[in-house]
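Q: Please see the structure below; I have some questions.
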2 protein chains.
Amino acid sequence: MKKKITIGDIASELGISKTTVSFVLNGKARENHISVALEKKILKHIEKVGYRPNHFAQSLRTGKTKIIGMLIEDISDPFFASIARIVEEIAYSKGYKIFYSSTENDPQKTRDLLQVFRTRQVDGYIIAPPPGIEKELKELVDDGHPVVVFDRTLPGFKGDNVVADNYQGAFTAIQHFIDNGYQRIAMITLNSDQVQMIERQKGYNDAIKATGQLPIVKKVTYHDDKEHSIREIQDFIAGNGNIDAVFFATNYIADNGLEAIRNLNLSIPQELGVIVFDDYNLFRLFTPSITAISQPIKEMAERVINLMLERLSATAEPGEARSFVLSSTLMVRNSSLPKTHVPFLPQERVGGMIPKTRPS
Amino acid sequence: MKKKITIGDIASELGISKTTVSFVLNGKARENHISVALEKKILKHIEKVGYRPNHFAQSLRTGKTKIIGMLIEDISDPFFASIARIVEEIAYSKGYKIFYSSTENDPQKTRDLLQVFRTRQVDGYIIAPPPGIEKELKELVDDGHPVVVFDRTLPGFKGDNVVADNYQGAFTAIQHFIDNGYQRIAMITLNSDQVQMIERQKGYNDAIKATGQLPIVKKVTYHDDKEHSIREIQDFIAGNGNIDAVFFATNYIADNGLEAIRNLNLSIPQELGVIVFDDYNLFRLFTPSITAISQPIKEMAERVINLMLERLSATAEPGEARSFVLSSTLMVRNSSLPKTHVPFLPQERVGGMIPKTRPS
DNA sequence: GGTTGTTACTAAATCGATTTAATACCTAAT
DNA sequence: ATTAGGTATTAAATCGATTTAGTAACAACC
């Protein structure tokens with residue numbers, strides 16, 4: 001059915017030793033004084049019989065796998081999917097493969113997956129960590145494994161990491177609302193103590209407080225069922241009639257939030273301004289188009305994989321941990337148009353003028 | 001720095017042989033007459049020292065990896081991402097890990113990845129194949145590897161596969177257009193000879209021809225740069241003034257197509273009806289909401305992984321190949337409202353009434 | 001001619017598991 | 001008492017590579 005050809009087969013077919021074949025295969029012919037003639041002969045034979053090394057035997061011997069394990073929150077989230085894609089591409093071009101898997105932000109599943117990666121002896125770890133795995137991360141680093149953390153850090157984690165400037169992004173967004181004349185700006189965020197969420201909220205808080213107002217924050221729980229989450233947001237907006245703008249702290253919340261707004265039949269931005277943290281292709285095409293904070297996905301992915309590749313090729317010593325904070329960009333669109341001018345400004349749009357009606 | 005504890009360590013620490021330890025570890029204590037007392041003692045010791053087997057040594061010996069390789073077109077495509085997620089979840093619960101990677105529909109990259117999977121000796125292959133790898137797939141199957149193909153097939157491929165009913169989905173969509181009074185319905189599709197695309201076009205063609213009209217088909221190339229693709233669609237629509245509806249053959253095209261329509265400042269569905277193959281969360285929230293053909297993602301994912309798990313646990317004989325064609329659902333929304341009633345029907349919406357202007 | 005040095009190549013150990021074939025010991029049957 | 005059979009355990013082979021520590025042959029040097 002299938003034939004496996006090993007290094008030993010080659011050796012005996014040519015009447016030489018496995019050692020010689022191995023040297024040639026690993027490009028160590030020269031330094032081990034294998035004659036050029038023999039080297040050519042071996043290479044030709046290998047080519048001819050289509051030999052492929054057994055990676056298990058290799059890894060068993062060397063302890064290296066040329067595989068990088070990558071843990072992200074959710075592969076079906078466009079932000080993570082895009083990062084994964086770019087990381088994979090660059091790694092691939094350098095001879096590394098990426099094996100990725102989703103943590104679903106569950107510490108236990110994450111611990112399991114880390115264990116799998118460990119026993120599979122991946123060469124390095126790229127992780128968007130859920131809360132509560134500080135200990136495991138520290139262990140990895142202490143054991144000398146290359147680790148790069150991204151999107152968020154964990155309190156107390158010292159090691160390579162790449163994150164966006166969540167504080168500044170949020171602050172700028174709120175400032176933009178204020179500049180455009182919005183007065184009562186609410187934030188809807190996740191009920192989570194993840195660092196990136198905390199930072200976004202701080203940015204919001206500080207920008208609001210600078211105006212002398214009080215923050216208005218609603219927290220919803222992740223992976224509540226969708227309908228429930230929509231209703232929650234809906235009730236919150238309806239219950240705070242004086243709100244004239246809302247800042248959604250993630251893509252995921254915005255999904256539900258926009259549906260809530262539609263259900264309430266509020267017009268954006270006349271009755272409610274909207275800004276979302278994390279951009280999304282379709283936001284440009286919405287009617288009206290949605291203002292969003294765009295994280296530097298490409299740059300983040302590149303930094304992450306390059307940090308990792310450096311670590312992997314480092315000659316030995318751990319060296320200093322390196323941190324990058326990348327700045328994000330506010331994509332100004334129509335959902336946050338200046339308050340007073342709104343009804344008169346021309347806008348690009350999909351769809352025609354449709355009479356306003358009550359929700360059913 | 002790090003200590004690796006092996007089966008040999010355990011054996012010598014307890015003054016017994018590796019064999020005994022191995023038997024116990026593999027649950028073969030009973031059939032090899034290991035005394036219950038000793039078994040308990042070994043298990044306790046293993047627990048205590050936190051022994052973890054070296055999977056390379058294991059795989060080197062057994063040839064099994066408990067890993068399934070999965071190749072999809074593009075991990076940043078929501079359709080594939082969702083499938084991957086569900087497959088991963090089920091596999092994980094059965095003790096299998098999924099390693100996935102993107103083919104980008106590139107036959108050469110796919111061949112490379114298959115080679116990697118092969119040398120890593122994955123236990124099975126789940127593939128959404130790009131064109132041109134018929135030979136490699138046949139080889140895999142002939143060599144006795146479990147293979148499940150999904151989303152599309154390849155001409156001549158005989159083996160397990162799960163696809164959606166692309167023909168019926170497209171046919172139903174066009175029929176819906178016709179029922180709602182649309183008269184000149186164009187299709188915009190990929191310039192590709194992939195089976196699923198051909199089927200969608202056939203569905204369109206047959207539905208159109210039944211009305212006595214001629215098909216109007218525009219093909220665009222994948223991964224042309226985005227702007228170019230948008231302009232192409234734009235020119236096509238503008239150049240065929242009598243078109244009153246358009247059927248986008250993929251999610252990806254719709255992305256560009258909707259932008260083209262916006263640029264042309266056409267109102268949906270009054271001036272142009274729209275249906276998209278492949279649903280997308282945000283389509284519901286669009287103004288107007290977009291009618292789409294929703295593929296049975298969950299069912300497809302479950303069928304795929306279950307077929308694979310069956311193959312993996314099969315006692316030996318290959319058995320018959322099994323094919324599933326799953327039906328998709330037309331999600332009727334506002335972008336395909338009945339022609340005559342359109343201006344008068346109430347609609348749910350996001351955003352207010354905004355004056356229509358020329359594109360800049 | 002004996003020491004030293006290169007060159008060209010190889011035998012054997014090793015990585016950490018699984019598995020076959022064997023070894024004692026003990027009991028029951030002939 | 002000898003054989004057969006079951007129980008409890010283990011030595012050693014094996015998977016397919018890498019790598020250490022040689023060996024043999026030959027030239028160069030004083």
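Identifiers in this document derive from the order of the structure tokens: chains are assigned A, B, ..., residues are numbered from 1 separately in each chain, and ligands are numbered from 1 in order of occurrence.
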Per DSSP on the backbone, filter range 34-102 of chain B down to the residues in helix (DSSP H, G or I) and report them as a VMD selection string.
A: chain B and resid 36 to 49 55 to 62 78 to 93
Q: Write out as JSON, numbers by chain the residues lying within 7 Å of Met331 in chain B, counting only C-alpha atoms (C1' of nucleotides) and excluding same-chain residues fewer than 3 positions away.
A: {"B": [291, 292, 293, 294]}
Q: Using only C-alpha atoms, can you tell me which of B:Glu39, B:Glu104, B:Glu89, B:Glu199 comes closest to Lys298 in chain B?
A: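 Smallest distance to Lys298 in chain B is found for B:Glu89.
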Q: Could you list, as number ranges by chain, every residue within 9 Å of range 10-24 of chain C, counting only C-alpha atoms (C1' of nucleotides) and ignoring same-chain residues fewer than 6 positions away?
A: A: 16-20, 57, 59-63; B: 6-8, 19, 22-23, 53-62; D: 9-11, 13-14, 18-20, 22-23
Q: Just to be explicit: take each residue in the selection above, keep C-alpha atoms (C1' of nucleotides), and write the result as a PDB file, in the first residue's frame.
A:
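result26.pdb written:
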```pdb
ATOM      1  CA  ILE A  16      27.530   3.501   2.560  1.00  0.00           C
ATOM      2  CA  SER A  17      26.630   4.433   6.128  1.00  0.00           C
ATOM      3  CA  LYS A  18      23.604   6.242   7.469  1.00  0.00           C
ATOM      4  CA  THR A  19      25.889   8.788   9.024  1.00  0.00           C
ATOM      5  CA  THR A  20      27.187   9.960   5.693  1.00  0.00           C
ATOM      6  CA  ALA A  57      12.414  10.689  14.444  1.00  0.00           C
ATOM      7  CA  SER A  59      12.149  15.840  16.482  1.00  0.00           C
ATOM      8  CA  LEU A  60      12.704  13.015  18.898  1.00  0.00           C
ATOM      9  CA  ARG A  61      16.390  13.395  18.354  1.00  0.00           C
ATOM     10  CA  THR A  62      16.756  17.171  18.090  1.00  0.00           C
ATOM     11  CA  GLY A  63      13.894  18.376  20.236  1.00  0.00           C
TER      12      GLY A  63
ATOM     13  CA  THR B   6      10.635   9.655  30.965  1.00  0.00           C
ATOM     14  CA  ILE B   7       9.074   6.291  31.280  1.00  0.00           C
ATOM     15  CA  GLY B   8      12.513   4.939  32.109  1.00  0.00           C
ATOM     16  CA  THR B  19       7.501  -2.438  29.923  1.00  0.00           C
ATOM     17  CA  SER B  22       4.054   1.229  29.528  1.00  0.00           C
ATOM     18  CA  PHE B  23       1.413  -1.455  29.885  1.00  0.00           C
ATOM     19  CA  PRO B  53       4.641  11.068  27.565  1.00  0.00           C
ATOM     20  CA  ASN B  54       6.761  12.234  24.680  1.00  0.00           C
ATOM     21  CA  HIS B  55       4.423  12.216  21.732  1.00  0.00           C
ATOM     22  CA  PHE B  56       7.220  11.988  19.222  1.00  0.00           C
ATOM     23  CA  ALA B  57       8.518   8.803  20.628  1.00  0.00           C
ATOM     24  CA  GLN B  58       4.959   7.558  20.751  1.00  0.00           C
ATOM     25  CA  SER B  59       4.171   8.517  17.197  1.00  0.00           C
ATOM     26  CA  LEU B  60       7.488   7.244  15.957  1.00  0.00           C
ATOM     27  CA  ARG B  61       6.599   3.904  17.358  1.00  0.00           C
ATOM     28  CA  THR B  62       2.883   3.678  16.628  1.00  0.00           C
TER      29      THR B  62
ATOM     30  C1'  DT D   9       7.070  -9.401  35.108  1.00  0.00           C
ATOM     31  C1'  DT D  10      10.959  -8.091  32.118  1.00  0.00           C
ATOM     32  C1'  DA D  11      14.887  -7.949  28.476  1.00  0.00           C
ATOM     33  C1'  DA D  13      14.185  -5.193  19.573  1.00  0.00           C
ATOM     34  C1'  DT D  14      12.182  -1.522  17.201  1.00  0.00           C
ATOM     35  C1'  DT D  18      21.244  12.819  14.666  1.00  0.00           C
ATOM     36  C1'  DT D  19      25.679  12.979  16.591  1.00  0.00           C
ATOM     37  C1'  DT D  20      29.810  11.509  19.171  1.00  0.00           C
ATOM     38  C1'  DG D  22      36.239   6.618  16.293  1.00  0.00           C
ATOM     39  C1'  DT D  23      39.062   4.191  12.367  1.00  0.00           C
TER      40       DT D  23
END
```
